[in-house]
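Undergrad: Have a look at the structure that comes next, please.
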Amino acid sequence: MENLNIKIVGLGEGGAKIISNMMAAGVGKNLPVEFIAVGNDENIMLTSAARKNIFLNRDITTIYKSIADALRGAKIIFIVAGLASGAARSAVPIILSCAKNSNAVTVAFVCKPSVLENSLRKLNAEYTLNNLRGKVDTLFTVPAEKFFMFRLNQPQISLNELFDAADDIFCCGVKIFLEIISEDISLSNRGDAAFGFGEATTALDAIKLAAKFPTLEEDEFKSAQAVFVRLESGTPLPLHTVNAVNKFIKAQLPPDAEFFLQEKIIPSLMEKFFAAIICTRKAEKPRTQ
């Protein structure tokens, strides 16, 4: 694990904010992780908590060199961004080029713009998504409207509060993926992906909550080619509990889907159980421009 050399790159204002939130939450604290922020707004970038901040308001040669230098030696590169941002449109092709040159595995967590966004931002999103799909190894794409599901009991919620919800979910998604990473699991070419998580007083209830998470739809299981499950508990899980979880997940999967289950003891959970699920399937071919 110490040889993985993981880089997490936040693009634009939203990406830079998520990077800062991840660092404050201790995401990747026990892993060889480096956080990088890339964007156009100097005021945003100057307040970023990332150790490396790359400005896009320079000539392309300088930008490319700055990003290449920042990503040098990476084995896994995470891209975190809102698809509609100009920073994502500009930086994604450069990051993917650098990753290809160094044979780094790439994982993207991106948010699709709301239907209320203007046409320019929608075009940015479509362009950037086409650059990602089929080119990154694993692609998590969440429509902005999904985040309304997390605030259904708050009808007066503001846009900023919705963005905060998105930040929290993306932080958890990256944290889950980092925790599931192990030397015996290939991350290459996993394709489109979705994730969910839940906490309950039994392991099976936690798994069921994770399976119903708003960003993880039923169809994700039916079309999954690989599913990764992580169970955290305060004490070792009895065999009958593990079997019940296996049975529940496998009943929803195609017969030829790969299934990986990890268990982790977290004493602070005490009587509670935390479950995380990642479903992946081979990516669709990118659309022609």
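Chain labels run A, B, ... following the order of the structure tokens; each chain numbers its residues from 1, and ligands are numbered from 1 in the order shown.
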If you run DSSP on the backbone, which residues of stretch 25-244 of chain A are strand (DSSP E or B), as a PyMOL selection string?
TA: chain A and resi 33-39+52-55+76-82+105-112+138-143+191-200+226-233
Undergrad: The selected residues should be written to file as a compact mmCIF listing (two decimals), in the first residue's frame (atoms: N, CA and C atoms).
TA:
```
# COMPACT_ATOMS: atom_id res chain seq x y z
N VAL A 33 -1.32 9.67 0.34
CA VAL A 33 -2.21 10.51 -0.47
C VAL A 33 -1.71 11.95 -0.51
N GLU A 34 -1.76 12.55 -1.69
CA GLU A 34 -1.44 13.97 -1.85
C GLU A 34 -2.62 14.66 -2.51
N PHE A 35 -3.01 15.81 -1.98
CA PHE A 35 -4.15 16.56 -2.49
C PHE A 35 -3.68 17.72 -3.36
N ILE A 36 -4.36 17.89 -4.50
CA ILE A 36 -3.99 18.93 -5.47
C ILE A 36 -5.26 19.66 -5.90
N ALA A 37 -5.22 20.98 -5.96
CA ALA A 37 -6.36 21.77 -6.44
C ALA A 37 -5.97 22.46 -7.74
N VAL A 38 -6.89 22.43 -8.72
CA VAL A 38 -6.65 23.03 -10.02
C VAL A 38 -7.85 23.91 -10.38
N GLY A 39 -7.59 25.18 -10.73
CA GLY A 39 -8.72 26.04 -11.05
C GLY A 39 -8.33 27.37 -11.66
N LYS A 52 -0.62 21.64 -3.06
CA LYS A 52 -0.31 22.10 -4.41
C LYS A 52 -1.56 22.70 -5.04
N ASN A 53 -1.44 23.94 -5.47
CA ASN A 53 -2.54 24.63 -6.14
C ASN A 53 -2.05 25.08 -7.51
N ILE A 54 -2.77 24.68 -8.55
CA ILE A 54 -2.35 24.96 -9.92
C ILE A 54 -3.37 25.89 -10.58
N PHE A 55 -2.89 27.03 -11.07
CA PHE A 55 -3.75 28.01 -11.73
C PHE A 55 -3.82 27.72 -13.23
N ILE A 76 -2.24 5.96 -8.63
CA ILE A 76 -3.69 6.13 -8.73
C ILE A 76 -3.99 7.62 -8.68
N ILE A 77 -4.80 8.09 -9.62
CA ILE A 77 -5.18 9.51 -9.68
C ILE A 77 -6.71 9.61 -9.56
N PHE A 78 -7.16 10.33 -8.53
CA PHE A 78 -8.58 10.62 -8.37
C PHE A 78 -8.87 12.00 -8.93
N ILE A 79 -9.94 12.11 -9.70
CA ILE A 79 -10.41 13.41 -10.21
C ILE A 79 -11.75 13.68 -9.55
N VAL A 80 -11.88 14.84 -8.89
CA VAL A 80 -13.13 15.21 -8.22
C VAL A 80 -13.56 16.56 -8.77
N ALA A 81 -14.77 16.61 -9.35
CA ALA A 81 -15.16 17.86 -10.01
C ALA A 81 -16.65 17.91 -10.31
N GLY A 82 -17.13 19.13 -10.51
CA GLY A 82 -18.42 19.35 -11.13
C GLY A 82 -18.18 19.39 -12.63
N VAL A 105 -3.59 4.44 -12.74
CA VAL A 105 -5.02 4.14 -12.72
C VAL A 105 -5.77 5.43 -12.41
N THR A 106 -6.88 5.66 -13.11
CA THR A 106 -7.64 6.90 -12.91
C THR A 106 -9.05 6.59 -12.41
N VAL A 107 -9.49 7.38 -11.43
CA VAL A 107 -10.83 7.25 -10.85
C VAL A 107 -11.43 8.64 -10.79
N ALA A 108 -12.64 8.82 -11.33
CA ALA A 108 -13.27 10.14 -11.34
C ALA A 108 -14.59 10.12 -10.58
N PHE A 109 -14.76 11.09 -9.69
CA PHE A 109 -16.03 11.34 -9.02
C PHE A 109 -16.53 12.69 -9.53
N VAL A 110 -17.61 12.67 -10.33
CA VAL A 110 -18.06 13.92 -10.94
C VAL A 110 -19.56 14.09 -10.77
N CYS A 111 -19.98 15.35 -10.75
CA CYS A 111 -21.39 15.69 -10.59
C CYS A 111 -21.92 16.30 -11.88
N LYS A 112 -23.03 15.74 -12.39
CA LYS A 112 -23.69 16.32 -13.56
C LYS A 112 -24.44 17.58 -13.15
N THR A 138 -12.29 4.07 -13.69
CA THR A 138 -13.54 3.99 -12.94
C THR A 138 -14.18 5.37 -12.90
N LEU A 139 -15.48 5.43 -13.24
CA LEU A 139 -16.16 6.72 -13.35
C LEU A 139 -17.45 6.72 -12.54
N PHE A 140 -17.46 7.53 -11.48
CA PHE A 140 -18.66 7.74 -10.67
C PHE A 140 -19.32 9.05 -11.14
N THR A 141 -20.52 8.96 -11.66
CA THR A 141 -21.23 10.14 -12.16
C THR A 141 -22.55 10.29 -11.40
N VAL A 142 -22.73 11.43 -10.72
CA VAL A 142 -23.94 11.65 -9.92
C VAL A 142 -24.67 12.89 -10.44
N PRO A 143 -25.94 12.76 -10.88
CA PRO A 143 -26.71 13.93 -11.29
C PRO A 143 -26.95 14.85 -10.09
N GLY A 191 -14.76 0.69 -15.29
CA GLY A 191 -15.87 1.31 -16.02
C GLY A 191 -16.74 2.21 -15.17
N ASP A 192 -18.02 2.30 -15.56
CA ASP A 192 -18.96 3.15 -14.83
C ASP A 192 -19.24 2.54 -13.46
N ALA A 193 -19.40 3.41 -12.47
CA ALA A 193 -19.55 2.92 -11.11
C ALA A 193 -20.55 3.76 -10.33
N ALA A 194 -21.06 3.16 -9.25
CA ALA A 194 -21.95 3.86 -8.32
C ALA A 194 -21.68 3.33 -6.93
N PHE A 195 -21.98 4.14 -5.93
CA PHE A 195 -21.68 3.73 -4.56
C PHE A 195 -22.82 4.10 -3.62
N GLY A 196 -22.87 3.38 -2.49
CA GLY A 196 -23.84 3.68 -1.45
C GLY A 196 -23.28 3.27 -0.11
N PHE A 197 -23.83 3.83 0.96
CA PHE A 197 -23.37 3.46 2.29
C PHE A 197 -24.49 3.64 3.30
N GLY A 198 -24.36 2.97 4.42
CA GLY A 198 -25.38 3.06 5.45
C GLY A 198 -24.87 2.57 6.78
N GLU A 199 -25.51 3.03 7.85
CA GLU A 199 -25.14 2.63 9.20
C GLU A 199 -26.39 2.19 9.94
N ALA A 200 -26.30 1.07 10.69
CA ALA A 200 -27.46 0.54 11.40
C ALA A 200 -26.99 -0.28 12.60
N ALA A 226 -18.89 -6.15 -11.33
CA ALA A 226 -18.12 -6.35 -10.09
C ALA A 226 -18.76 -5.53 -8.98
N VAL A 227 -18.81 -6.12 -7.81
CA VAL A 227 -19.37 -5.43 -6.64
C VAL A 227 -18.40 -5.58 -5.47
N PHE A 228 -18.12 -4.45 -4.84
CA PHE A 228 -17.21 -4.41 -3.70
C PHE A 228 -18.02 -4.01 -2.46
N VAL A 229 -17.94 -4.81 -1.42
CA VAL A 229 -18.67 -4.53 -0.18
C VAL A 229 -17.67 -4.43 0.97
N ARG A 230 -17.83 -3.41 1.78
CA ARG A 230 -16.99 -3.25 2.98
C ARG A 230 -17.92 -3.18 4.19
N LEU A 231 -17.66 -4.03 5.16
CA LEU A 231 -18.43 -4.06 6.40
C LEU A 231 -17.54 -3.69 7.57
N GLU A 232 -17.95 -2.68 8.32
CA GLU A 232 -17.20 -2.26 9.50
C GLU A 232 -18.05 -2.52 10.74
N SER A 233 -17.41 -3.07 11.76
CA SER A 233 -18.14 -3.37 12.99
C SER A 233 -17.21 -3.20 14.19
```
Undergrad: Using only C-alpha atoms, find the one residue out of A:Leu83, A:Leu71, A:Val174, A:Val27 that sits nearest to A:Asn130.
TA: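 Distance minimum relative to A:Asn130 lands on A:Leu83.
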Undergrad: Which of these, A:Ala166, A:Ala87, A:Ile6, A:Leu11, has the shortest distance to A:Ile181 once you count only C-alpha atoms?
TA: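 Among the listed residues, A:Ile6 lies closest to A:Ile181.
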Undergrad: Between A:Ala50, A:Leu116, A:Ala276, A:Ala25, which has the minimum distance to A:Gly173 (counting only C-alpha atoms)?
TA: A:Ala276
Undergrad: Go through A:Asn103, A:Ser188, A:Ser114, A:Gln252 one by one, measure the shortest atom-to-atom distance of each to A:Phe221 using only C-alpha atoms, and give the residue with the smallest value.
TA: A:Gln252
Undergrad: Could you give me the residues within stretch 52-233 of chain A that DSSP places in helix (DSSP H, G or I), as an MDAnalysis selection string?
TA: chainID A and resid 60:71 86:102 119:132 144:151 159:180 203:211 218:222
Undergrad: For a quick check of understanding, using only C-alpha atoms, which of A:Gly134, A:Phe147, A:Glu179, A:Ala251 has the smallest distance to A:Arg281?
TA: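 Nearest candidate to A:Arg281 out of A:Gly134, A:Phe147, A:Glu179, A:Ala251: A:Gly134.
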Undergrad: So that I can see what lies close to A:Arg72, please list as number ranges by chain the residues with an atom at most 9 Å from it, counting only C-alpha atoms and leaving out residues fewer than 2 positions away in the same chain.
TA: A: 67-70, 74, 98-99, 102
